[in-house]
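Student: Sharing upload05.pdb below, PDB, C-alpha atoms:
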ATOM      1  CA  MET A   3      23.693  12.401 -30.269
ATOM      2  CA  ALA A   4      20.011  11.722 -29.790
ATOM      3  CA  LEU A   5      18.783  12.611 -26.361
ATOM      4  CA  THR A   6      15.680  10.878 -25.038
ATOM      5  CA  LEU A   7      14.071  12.548 -22.033
ATOM      6  CA  LEU A   8      11.842  10.345 -19.928
ATOM      7  CA  HIS A   9       9.264  11.698 -17.543
ATOM      8  CA  ARG A  10       9.680  10.122 -14.127
ATOM      9  CA  HIS A  11       7.315  11.081 -11.364
ATOM     10  CA  VAL A  12       9.019  12.071  -8.110
ATOM     11  CA  LEU A  13       6.974   9.439  -6.216
ATOM     12  CA  ASP A  14       7.830   6.583  -8.615
ATOM     13  CA  ASP A  15      10.403   5.176  -6.170
ATOM     14  CA  HIS A  16       8.041   5.521  -3.199
ATOM     15  CA  ILE A  17       5.074   3.755  -4.769
ATOM     16  CA  SER A  18       6.756   0.843  -6.604
ATOM     17  CA  GLY A  19       6.251  -2.419  -4.727
ATOM     18  CA  PHE A  20       3.039  -1.399  -3.006
ATOM     19  CA  GLU A  21      -0.052  -3.577  -3.355
ATOM     20  CA  THR A  22      -2.193  -2.508  -6.310
ATOM     21  CA  ASN A  23      -5.698  -3.307  -5.054
ATOM     22  CA  ALA A  24      -7.103  -0.114  -3.578
ATOM     23  CA  ASN A  25      -8.567  -0.307  -0.086
ATOM     24  CA  PRO A  26     -11.492   1.943   0.926
ATOM     25  CA  ASN A  27      -8.903   4.403   2.268
ATOM     26  CA  HIS A  28      -6.791   5.201  -0.724
ATOM     27  CA  LEU A  29      -4.167   7.745  -1.749
ATOM     28  CA  SER A  30      -4.029   8.403  -5.438
ATOM     29  CA  VAL A  31      -1.245  10.319  -7.219
ATOM     30  CA  PHE A  32      -1.803  12.080 -10.524
ATOM     31  CA  ARG A  33       1.065  11.603 -12.943
ATOM     32  CA  ARG A  34       0.815  14.822 -14.923
ATOM     33  CA  PRO A  35      -1.688  17.357 -13.634
ATOM     34  CA  VAL A  36      -1.560  20.889 -14.973
ATOM     35  CA  ILE A  37      -1.053  23.391 -12.152
ATOM     36  CA  PHE A  38      -0.692  27.139 -12.665
ATOM     37  CA  SER A  39      -0.259  29.772 -10.008
ATOM     38  CA  VAL A  40      -2.362  32.873 -10.611
ATOM     39  CA  LEU A  41      -1.913  36.329  -9.107
ATOM     40  CA  ALA A  42      -4.345  39.226  -9.400
ATOM     41  CA  LYS A  43      -3.342  42.866  -9.676
ATOM     42  CA  VAL A  44      -3.997  44.879  -6.531
ATOM     43  CA  GLY A  45      -7.662  45.885  -6.380
ATOM     44  CA  GLN A  46      -8.721  43.341  -9.024
ATOM     45  CA  GLU A  47      -8.917  40.295  -6.704
ATOM     46  CA  ARG A  48     -12.698  39.896  -6.961
ATOM     47  CA  ALA A  49     -12.892  40.206 -10.740
ATOM     48  CA  VAL A  50     -10.030  37.764 -11.300
ATOM     49  CA  GLY A  51     -11.490  35.306  -8.772
ATOM     50  CA  ALA A  52     -14.859  35.372 -10.557
ATOM     51  CA  ALA A  53     -13.220  34.914 -13.967
ATOM     52  CA  LEU A  54     -11.219  31.956 -12.653
ATOM     53  CA  GLU A  55     -14.343  30.300 -11.241
ATOM     54  CA  ALA A  56     -16.002  30.686 -14.633
ATOM     55  CA  ALA A  57     -13.126  29.069 -16.573
ATOM     56  CA  ALA A  58     -14.033  25.650 -17.985
ATOM     57  CA  ASP A  59     -12.255  22.469 -16.798
ATOM     58  CA  ILE A  60     -10.173  24.377 -14.242
ATOM     59  CA  ALA A  61     -10.409  23.688 -10.519
ATOM     60  CA  VAL A  62      -9.495  26.749  -8.475
ATOM     61  CA  ARG A  63      -7.568  26.454  -5.203
ATOM     62  CA  THR A  64      -7.314  29.461  -2.910
ATOM     63  CA  CYS A  65      -3.860  30.276  -1.519
ATOM     64  CA  ALA A  66      -4.152  33.851  -0.259
ATOM     65  CA  PRO A  67      -6.073  37.040  -1.069
ATOM     66  CA  GLY A  68      -5.493  37.532  -4.804
ATOM     67  CA  GLU A  69      -3.517  34.301  -5.190
ATOM     68  CA  TRP A  70      -4.769  30.973  -6.510
ATOM     69  CA  LEU A  71      -3.693  27.669  -7.989
ATOM     70  CA  ALA A  72      -5.486  26.646 -11.181
ATOM     71  CA  VAL A  73      -5.574  22.864 -11.502
ATOM     72  CA  SER A  74      -6.690  20.823 -14.473
ATOM     73  CA  GLN A  75      -6.605  17.074 -14.970
ATOM     74  CA  THR A  76      -8.237  17.112 -18.383
ATOM     75  CA  SER A  77      -6.812  20.088 -20.302
ATOM     76  CA  GLY A  78      -3.221  20.405 -21.521
ATOM     77  CA  SER A  79      -0.912  23.094 -20.242
ATOM     78  CA  GLU A  80      -1.227  25.206 -23.437
ATOM     79  CA  THR A  81      -5.014  25.234 -23.183
ATOM     80  CA  VAL A  82      -4.915  26.309 -19.556
ATOM     81  CA  ALA A  83      -2.244  28.943 -20.284
ATOM     82  CA  GLY A  84      -4.498  30.338 -23.029
ATOM     83  CA  GLN A  85      -7.534  30.439 -20.741
ATOM     84  CA  LEU A  86      -5.594  32.150 -17.957
ATOM     85  CA  SER A  87      -3.889  34.716 -20.181
ATOM     86  CA  ALA A  88      -7.361  35.754 -21.381
ATOM     87  CA  ILE A  89      -8.233  36.901 -17.850
ATOM     88  CA  VAL A  90      -7.700  40.651 -17.499
ATOM     89  CA  ASP A  91      -5.416  41.900 -14.686
ATOM     90  CA  ALA A  92      -4.112  38.422 -13.808
ATOM     91  CA  SER A  93      -0.684  36.925 -14.262
ATOM     92  CA  SER A  94      -0.046  33.193 -14.248
ATOM     93  CA  VAL A  95       2.948  30.845 -14.215
ATOM     94  CA  ASP A  96       3.059  27.143 -15.064
ATOM     95  CA  GLN A  97       3.969  25.240 -11.888
ATOM     96  CA  SER A  98       3.102  21.747 -13.148
ATOM     97  CA  ASP A  99       6.684  20.483 -12.814
ATOM     98  CA  GLY A 100       7.106  22.005  -9.371
ATOM     99  CA  LYS A 101       3.971  20.703  -7.676
ATOM    100  CA  VAL A 102       2.634  17.248  -6.871
ATOM    101  CA  LEU A 103      -1.084  16.511  -6.662
ATOM    102  CA  LEU A 104      -2.287  13.811  -4.245
ATOM    103  CA  THR A 105      -5.855  12.724  -3.566
ATOM    104  CA  VAL A 106      -6.759  11.053  -0.286
ATOM    105  CA  SER A 107     -10.186   9.489   0.004
ATOM    106  CA  GLY A 108     -12.068   7.012   2.132
ATOM    107  CA  PRO A 109     -14.198   6.755   5.256
ATOM    108  CA  SER A 110     -11.249   7.434   7.620
ATOM    109  CA  VAL A 111      -9.706  10.279   5.654
ATOM    110  CA  ARG A 112     -10.442  12.917   8.300
ATOM    111  CA  LYS A 113      -8.891  10.764  11.032
ATOM    112  CA  ILE A 114      -5.775  10.331   8.890
ATOM    113  CA  LEU A 115      -5.462  14.026   8.093
ATOM    114  CA  ALA A 116      -6.165  15.029  11.698
ATOM    115  CA  LYS A 117      -2.749  13.595  12.533
ATOM    116  CA  CYS A 118      -0.791  15.885  10.224
ATOM    117  CA  VAL A 119      -2.966  18.969   9.764
ATOM    118  CA  ALA A 120      -3.912  21.498  12.462
ATOM    119  CA  VAL A 121      -7.049  22.776  10.778
ATOM    120  CA  ASP A 122     -10.620  21.767  11.643
ATOM    121  CA  LEU A 123     -11.805  19.614   8.730
ATOM    122  CA  HIS A 124     -15.394  19.124   9.924
ATOM    123  CA  PRO A 125     -17.793  19.817   7.013
ATOM    124  CA  ASP A 126     -19.270  22.756   8.946
ATOM    125  CA  ALA A 127     -15.859  24.435   9.129
ATOM    126  CA  PHE A 128     -14.295  23.128   5.919
ATOM    127  CA  ALA A 129     -17.046  22.639   3.350
ATOM    128  CA  ASP A 130     -16.892  20.848   0.022
ATOM    129  CA  GLY A 131     -14.968  22.976  -2.469
ATOM    130  CA  HIS A 132     -13.084  24.855   0.243
ATOM    131  CA  SER A 133      -9.309  25.093  -0.121
ATOM    132  CA  THR A 134      -6.497  26.841   1.705
ATOM    133  CA  ASN A 135      -2.766  26.757   2.377
ATOM    134  CA  MET A 136      -1.634  25.068   5.587
ATOM    135  CA  LEU A 137       1.086  23.014   7.196
ATOM    136  CA  ILE A 138       0.750  19.378   6.127
ATOM    137  CA  GLY A 139       3.224  17.338   8.130
ATOM    138  CA  HIS A 140       5.615  20.324   8.548
ATOM    139  CA  VAL A 141       5.377  21.180   4.835
ATOM    140  CA  THR A 142       3.431  24.109   3.409
ATOM    141  CA  GLY A 143       0.833  22.748   1.029
ATOM    142  CA  ASN A 144      -2.616  23.429  -0.281
ATOM    143  CA  LEU A 145      -5.462  21.270   1.000
ATOM    144  CA  ALA A 146      -8.838  21.201  -0.741
ATOM    145  CA  ARG A 147     -12.023  19.292  -0.005
ATOM    146  CA  THR A 148     -13.408  17.815  -3.217
ATOM    147  CA  GLY A 149     -16.065  15.580  -1.659
ATOM    148  CA  ALA A 150     -17.473  14.423   1.666
ATOM    149  CA  ASP A 151     -14.581  11.978   2.204
ATOM    150  CA  ARG A 152     -12.171  13.233  -0.388
ATOM    151  CA  PHE A 153      -9.320  15.735  -0.126
ATOM    152  CA  GLU A 154      -6.730  16.954  -2.596
ATOM    153  CA  ILE A 155      -3.260  17.987  -1.501
ATOM    154  CA  ILE A 156      -0.826  20.048  -3.567
ATOM    155  CA  VAL A 157       2.739  20.138  -2.242
ATOM    156  CA  PRO A 158       6.056  21.307  -3.669
ATOM    157  CA  ARG A 159       7.718  18.553  -5.685
ATOM    158  CA  SER A 160      10.869  18.341  -3.570
ATOM    159  CA  PHE A 161       8.801  17.792  -0.398
ATOM    160  CA  ALA A 162       6.361  15.322  -1.962
ATOM    161  CA  GLY A 163       8.311  12.242  -0.843
ATOM    162  CA  SER A 164       8.337  13.367   2.769
ATOM    163  CA  VAL A 165       4.635  14.277   2.771
ATOM    164  CA  PHE A 166       3.766  11.015   1.033
ATOM    165  CA  GLU A 167       5.687   8.877   3.535
ATOM    166  CA  GLU A 168       4.112  10.787   6.417
ATOM    167  CA  LEU A 169       0.587  10.302   5.037
ATOM    168  CA  MET A 170       1.206   6.574   4.544
ATOM    169  CA  GLU A 171       2.504   6.304   8.093
ATOM    170  CA  MET A 172      -0.589   8.128   9.433
ATOM    171  CA  GLY A 173      -2.841   5.944   7.299
ATOM    172  CA  ARG A 174      -1.246   2.619   8.210
ATOM    173  CA  GLU A 175      -3.753   1.846  10.985
ATOM    174  CA  PHE A 176      -6.563   2.527   8.504
ATOM    175  CA  ALA A 177      -4.973   0.306   5.808
ATOM    176  CA  LEU A 178      -4.298   3.250   3.497
ATOM    177  CA  THR A 179      -3.090   2.129   0.069
ATOM    178  CA  ALA A 180      -1.365   4.223  -2.577
ATOM    179  CA  ALA A 181      -1.120   4.082  -6.339
ATOM    180  CA  PHE A 182      -0.823   6.298  -9.377
ATOM    181  CA  ALA A 183      -4.196   7.296 -10.804
ATOM    182  CA  GLY A 184      -4.993   5.267 -13.895
ATOM    183  CA  ASP A 185      -2.354   2.560 -13.267
TER     184      ASP A 185
ATOM    185  CA  MET B  12      -0.066  23.474  19.386
ATOM    186  CA  ALA B  13      -1.727  25.531  22.038
ATOM    187  CA  SER B  14      -1.256  29.078  20.789
ATOM    188  CA  LEU B  15      -3.856  29.800  18.156
ATOM    189  CA  ILE B  16      -3.842  32.897  15.978
ATOM    190  CA  SER B  17      -6.917  33.852  13.979
ATOM    191  CA  CYS B  18      -5.579  34.879  10.596
ATOM    192  CA  PRO B  19      -8.075  37.249   8.907
ATOM    193  CA  HIS B  20      -7.571  35.348   5.632
ATOM    194  CA  CYS B  21      -7.101  31.708   6.681
ATOM    195  CA  GLY B  22      -8.974  31.302   9.963
ATOM    196  CA  THR B  23      -7.654  29.879  13.226
ATOM    197  CA  ARG B  24      -4.149  28.462  12.878
ATOM    198  CA  PRO B  25      -1.425  27.209  15.239
ATOM    199  CA  LYS B  26       1.530  29.490  15.933
ATOM    200  CA  GLU B  27       3.837  27.004  14.136
ATOM    201  CA  GLU B  28       2.537  28.356  10.844
ATOM    202  CA  PHE B  29       3.803  31.858  11.647
ATOM    203  CA  SER B  30       7.130  33.578  11.934
ATOM    204  CA  ILE B  31       7.378  36.542  14.328
ATOM    205  CA  ARG B  32       9.024  39.504  12.602
ATOM    206  CA  GLY B  33       9.343  41.970  15.463
ATOM    207  CA  ALA B  34       7.624  44.952  17.011
ATOM    208  CA  VAL B  35       5.405  47.310  15.055
ATOM    209  CA  VAL B  36       7.466  50.513  14.954
ATOM    210  CA  ALA B  37       6.677  53.464  12.687
ATOM    211  CA  ARG B  38       9.476  54.016  10.169
ATOM    212  CA  PRO B  39      10.952  57.526  10.336
ATOM    213  CA  GLN B  40      10.868  59.869   7.356
ATOM    214  CA  PRO B  41      13.898  59.495   5.032
ATOM    215  CA  GLY B  42      15.343  62.832   6.179
ATOM    216  CA  ALA B  43      14.845  62.164   9.894
ATOM    217  CA  LYS B  44      17.631  62.794  12.412
ATOM    218  CA  GLU B  45      20.160  60.078  13.146
ATOM    219  CA  ASP B  46      18.712  59.773  16.631
ATOM    220  CA  ALA B  47      15.266  58.801  15.238
ATOM    221  CA  TRP B  48      16.837  56.146  13.018
ATOM    222  CA  TYR B  49      18.891  54.817  15.920
ATOM    223  CA  ARG B  50      15.703  54.411  17.976
ATOM    224  CA  TYR B  51      13.904  52.807  15.023
ATOM    225  CA  VAL B  52      16.637  50.227  14.448
ATOM    226  CA  PHE B  53      17.865  49.400  17.945
ATOM    227  CA  ILE B  54      15.587  50.598  20.745
ATOM    228  CA  ARG B  55      12.637  48.416  21.809
ATOM    229  CA  ASP B  56      10.381  48.771  24.837
ATOM    230  CA  ASN B  57      10.171  45.018  25.520
ATOM    231  CA  PRO B  58       7.077  45.384  27.710
ATOM    232  CA  LYS B  59       5.577  42.690  29.874
ATOM    233  CA  GLY B  60       1.969  42.809  28.711
ATOM    234  CA  ARG B  61       0.186  44.121  25.664
ATOM    235  CA  TYR B  62       2.361  44.289  22.550
ATOM    236  CA  GLN B  63       1.931  44.726  18.810
ATOM    237  CA  GLU B  64       4.093  42.593  16.549
ATOM    238  CA  TYR B  65       4.397  41.720  12.882
ATOM    239  CA  TRP B  66       3.636  38.045  12.312
ATOM    240  CA  HIS B  67       4.311  36.556   8.912
ATOM    241  CA  HIS B  68       1.877  33.769   8.034
ATOM    242  CA  ALA B  69       4.659  31.795   6.364
ATOM    243  CA  ALA B  70       2.766  28.510   5.965
ATOM    244  CA  GLY B  71      -0.583  30.011   5.009
ATOM    245  CA  CYS B  72      -1.461  33.102   3.025
ATOM    246  CA  ARG B  73       2.125  34.455   3.325
ATOM    247  CA  ARG B  74       0.753  37.867   4.337
ATOM    248  CA  PHE B  75       2.225  40.057   7.059
ATOM    249  CA  LEU B  76      -0.205  40.449   9.949
ATOM    250  CA  VAL B  77      -0.189  42.738  12.957
ATOM    251  CA  VAL B  78      -0.944  40.677  16.062
ATOM    252  CA  ASP B  79      -2.032  42.690  19.090
ATOM    253  CA  ARG B  80      -1.562  40.389  22.059
ATOM    254  CA  ASP B  81      -0.578  40.165  25.683
ATOM    255  CA  ASN B  82       2.779  38.427  25.882
ATOM    256  CA  LEU B  83       2.180  37.477  29.529
ATOM    257  CA  THR B  84      -1.254  35.815  29.269
ATOM    258  CA  HIS B  85      -1.099  35.294  25.496
ATOM    259  CA  GLU B  86      -4.545  36.788  25.120
ATOM    260  CA  VAL B  87      -4.932  37.932  21.514
ATOM    261  CA  PHE B  88      -6.849  41.207  21.133
ATOM    262  CA  ALA B  89      -6.747  41.674  17.385
ATOM    263  CA  VAL B  90      -5.144  40.299  14.230
ATOM    264  CA  THR B  91      -5.086  42.630  11.224
ATOM    265  CA  ASP B  92      -3.510  42.412   7.804
ATOM    266  CA  ALA B  93      -0.450  44.718   7.834
ATOM    267  CA  THR B  94      -1.740  46.575   4.758
ATOM    268  CA  GLU B  95      -5.044  47.299   6.525
ATOM    269  CA  PHE B  96      -3.146  48.288   9.651
ATOM    270  CA  ALA B  97      -0.971  50.754   7.722
ATOM    271  CA  LYS B  98      -4.066  52.244   6.022
ATOM    272  CA  ASN B  99      -5.826  52.680   9.375
ATOM    273  CA  ALA B 100      -2.692  54.262  10.875
ATOM    274  CA  GLU B 101      -2.537  56.643   7.901
ATOM    275  CA  VAL B 102      -6.173  57.659   8.460
ATOM    276  CA  ALA B 103      -5.646  58.105  12.198
ATOM    277  CA  ARG B 104      -2.677  60.405  11.633
TER     278      ARG B 104
END
For this file, write the structure as structure tokens.
Tutor:
Amino acid sequence: MALTLLHRHVLDDHISGFETNANPNHLSVFRRPVIFSVLAKVGQERAVGAALEAAADIAVRTCAPGEWLAVSQTSGSETVAGQLSAIVDASSVDQSDGKVLLTVSGPSVRKILAKCVAVDLHPDAFADGHSTNMLIGHVTGNLARTGADRFEIIVPRSFAGSVFEELMEMGREFALTAAFAGD
Amino acid sequence: MASLISCPHCGTRPKEEFSIRGAVVARPQPGAKEDAWYRYVFIRDNPKGRYQEYWHHAAGCRRFLVVDRDNLTHEVFAVTDATEFAKNAEVAR
């Protein structure tokens, strides 16, 4: 019997039916990002961190000392796995199916996030390129600033629906819209 | 979210991100007397005032921290990574 496996994004049910024209405040969901978790051997945190930063087409998200998420929206998972396995004293695991990547952007993005995050997101305290783990609406996720009014959130797949609904609720007064990237 | 803890790795965070894992008590040597183990497992001072506890930063860096604080005024004196704390204790001994 032929078995056809379809890829369905966990937020497919949440997003269908929403308006498609993006407002200035917009939440965008990536269908298939490549996300690896990377751990450094004890004592090798600096070297591994530097090697990760140097890797092409990989955005690095800090989780803890010696622990990162490597995110790529352009490379395939084999390419990223190859790049990461070339780093000495680091071990990496593909988490792409277990994590969901959301991007929130727009002029009111800090006001929206201020309602579900307890960290100071002022540019002086949380500069462009900064990333860290935190509670995002009662869920542990990774928040990164990728621009002046642009943040990326990585949450576990099973919690993505809850985080998504919460963000949309917080963004309702700012007319936050949501869609899959590229749709 | 009034109680703020300054995690050495993540910065200032609300207490909701942490899980308190109990008093900092030195573990006895494997061959220690039963009495020492009994004290280690069951006996706590429960002071009103300054106290050292393990806090697990469950929603952040997931590291164990040693929080030195006053449990009456909630003044925090120091927050150290538990690994650092153990190293310093080793040196002091």
Student: List every protein, DNA or RNA residue with an atom no more than 7 Å from (1.6, 40.1, 15.6) in the file's coordinates, counting all atoms listed in the file, and format the result as a compact mmCIF listing (two decimals) with C-alpha atoms, in the coordinates of the input.
Tutor:
# COMPACT_ATOMS: atom_id res chain seq x y z
CA ILE B 31 7.38 36.54 14.33
CA GLN B 63 1.93 44.73 18.81
CA GLU B 64 4.09 42.59 16.55
CA TYR B 65 4.40 41.72 12.88
CA TRP B 66 3.64 38.04 12.31
CA LEU B 76 -0.20 40.45 9.95
CA VAL B 77 -0.19 42.74 12.96
CA VAL B 78 -0.94 40.68 16.06
CA ASP B 79 -2.03 42.69 19.09
CA VAL B 90 -5.14 40.30 14.23
Student: Compile the residues of chain A that lie within 12 Å of chain B, evaluated using only C-alpha atoms, and express the compilation as a PyMOL selection string.
Tutor: chain A and resi 44+64-70+118-123+127-128+132-145+157
Student: Can you work out which one of A:Ser93, A:His11, A:Asn23, A:Leu29 has the shortest atom-to-atom distance to Ala42 (chain A), counting all atoms listed in the file?
Tutor: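 Of A:Ser93, A:His11, A:Asn23, A:Leu29, the one nearest Ala42 (chain A), counting all atoms listed in the file, is A:Ser93.
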Student: With the PyMOL selection byres ((chain A and resi 76) around 9) as the selection, what would be picked from this file? Answer as a ChimeraX atom specification, please.
Tutor: /A:35-36,59-60,74-75,77-78
Student: Identify all residues satisfying the PyMOL selection byres ((chain B and resi 45-58) around 12) in the given file; provide them as an mmCIF file with C-alpha atoms, in the coordinates of the input.
Tutor:
data_model
loop_
_atom_site.group_PDB
_atom_site.id
_atom_site.type_symbol
_atom_site.label_atom_id
_atom_site.label_comp_id
_atom_site.auth_asym_id
_atom_site.auth_seq_id
_atom_site.Cartn_x
_atom_site.Cartn_y
_atom_site.Cartn_z
ATOM 1 C CA GLY B 33 9.343 41.970 15.463
ATOM 2 C CA ALA B 34 7.624 44.952 17.011
ATOM 3 C CA VAL B 35 5.405 47.310 15.055
ATOM 4 C CA VAL B 36 7.466 50.513 14.954
ATOM 5 C CA ALA B 37 6.677 53.464 12.687
ATOM 6 C CA ARG B 38 9.476 54.016 10.169
ATOM 7 C CA PRO B 39 10.952 57.526 10.336
ATOM 8 C CA GLN B 40 10.868 59.869 7.356
ATOM 9 C CA PRO B 41 13.898 59.495 5.032
ATOM 10 C CA GLY B 42 15.343 62.832 6.179
ATOM 11 C CA ALA B 43 14.845 62.164 9.894
ATOM 12 C CA LYS B 44 17.631 62.794 12.412
ATOM 13 C CA LYS B 59 5.577 42.690 29.874
ATOM 14 C CA GLY B 60 1.969 42.809 28.711
ATOM 15 C CA ARG B 61 0.186 44.121 25.664
ATOM 16 C CA TYR B 62 2.361 44.289 22.550
ATOM 17 C CA GLN B 63 1.931 44.726 18.810
ATOM 18 C CA GLU B 64 4.093 42.593 16.549
ATOM 19 C CA ARG B 80 -1.562 40.389 22.059
ATOM 20 C CA ASP B 81 -0.578 40.165 25.683
ATOM 21 C CA ASN B 82 2.779 38.427 25.882
ATOM 22 C CA LEU B 83 2.180 37.477 29.529
#
Student: Can you pull out the residues contacting Ser107 (chain A)? Cut-off 12 Å, using all atoms listed in the file, and skip same-chain residues under 4 positions away; I want them as a list in words.
Tutor: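 Here the answer would be Ala24, Asn25, Pro26, Asn27, His28, Leu29, Ser30, Val31, Val111, Arg112, Lys113, Ile114, Leu115, Ala146, Arg147, Thr148, Gly149, Ala150, Asp151, Arg152, Phe153, Glu154, Ile155, Leu169, Gly173, Phe176, Leu178, Thr179 and Ala180 of chain A.
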Student: Could you jot down the CA of Ala4 (chain A) to CA of Lys101 (chain A) separation for me, Å, one decimal place?
Tutor: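 Here the two named atoms are 28.8 Å from each other.
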Student: Calculate how many Å separate CA of Phe38 (chain A) from CA of Val62 (chain A), rounding to one decimal.
Tutor: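 Between CA of Phe38 (chain A) and CA of Val62 (chain A) the gap works out to 9.8 Å.
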Student: Could you work out how far CA of Phe182 (chain A) lies from CA of His124 (chain A), giving the answer in Å with one decimal?
Tutor: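 Pair CA of His124 (chain A) / CA of Phe182 (chain A) returns 27.4 Å.
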Student: Check which residues satisfy the PyMOL selection byres ((chain A and resi 53) around 12) in the file shown, then give them as a ChimeraX atom specification.
Tutor: /A:40,42,46-52,54-58,60,62,70,72,85-92
Student: Considering all atoms listed in the file, can you say which of A:Ala61, A:Asp99, A:Ser94, A:Ala177 comes closest to His9 (chain A)?
Tutor: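 Among the listed residues, A:Asp99 lies closest to His9 (chain A).
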Student: Since the input lacks atoms, please generate N, CA, C and O atoms for region 158-171 of chain A and provide them as a CSV table (one decimal), in the coordinates of the input.
Tutor:
chain,number,residue,atom,x,y,z
A,158,PRO,N,4.9,21.1,-2.8
A,158,PRO,CA,6.1,21.3,-3.7
A,158,PRO,C,6.7,19.9,-4.0
A,158,PRO,O,6.7,19.1,-3.1
A,159,ARG,N,7.2,19.8,-5.2
A,159,ARG,CA,7.7,18.6,-5.7
A,159,ARG,C,8.8,18.0,-4.8
A,159,ARG,O,8.8,16.8,-4.5
A,160,SER,N,9.7,18.8,-4.3
A,160,SER,CA,10.9,18.3,-3.6
A,160,SER,C,10.5,17.8,-2.2
A,160,SER,O,11.2,17.1,-1.6
A,161,PHE,N,9.3,18.2,-1.7
A,161,PHE,CA,8.8,17.8,-0.4
A,161,PHE,C,7.8,16.6,-0.5
A,161,PHE,O,7.3,16.1,0.5
A,162,ALA,N,7.5,16.3,-1.8
A,162,ALA,CA,6.4,15.3,-2.0
A,162,ALA,C,6.7,14.0,-1.3
A,162,ALA,O,5.8,13.3,-0.7
A,163,GLY,N,7.9,13.5,-1.4
A,163,GLY,CA,8.3,12.2,-0.8
A,163,GLY,C,8.1,12.2,0.6
A,163,GLY,O,7.5,11.3,1.2
A,164,SER,N,8.5,13.3,1.3
A,164,SER,CA,8.3,13.4,2.8
A,164,SER,C,6.9,13.4,3.2
A,164,SER,O,6.4,12.7,4.1
A,165,VAL,N,6.1,14.2,2.5
A,165,VAL,CA,4.6,14.3,2.8
A,165,VAL,C,4.0,12.9,2.5
A,165,VAL,O,3.1,12.5,3.3
A,166,PHE,N,4.3,12.3,1.4
A,166,PHE,CA,3.8,11.0,1.0
A,166,PHE,C,4.0,10.0,2.1
A,166,PHE,O,3.1,9.3,2.6
A,167,GLU,N,5.3,9.9,2.5
A,167,GLU,CA,5.7,8.9,3.5
A,167,GLU,C,4.9,9.1,4.8
A,167,GLU,O,4.5,8.2,5.5
A,168,GLU,N,4.8,10.4,5.2
A,168,GLU,CA,4.1,10.8,6.4
A,168,GLU,C,2.6,10.4,6.4
A,168,GLU,O,2.1,9.8,7.3
A,169,LEU,N,2.0,10.7,5.2
A,169,LEU,CA,0.6,10.3,5.0
A,169,LEU,C,0.4,8.8,5.1
A,169,LEU,O,-0.5,8.3,5.7
A,170,MET,N,1.3,8.0,4.5
A,170,MET,CA,1.2,6.6,4.5
A,170,MET,C,1.4,6.0,6.0
A,170,MET,O,0.7,5.1,6.4
A,171,GLU,N,2.3,6.7,6.7
A,171,GLU,CA,2.5,6.3,8.1
A,171,GLU,C,1.2,6.6,8.9
A,171,GLU,O,0.8,5.7,9.7
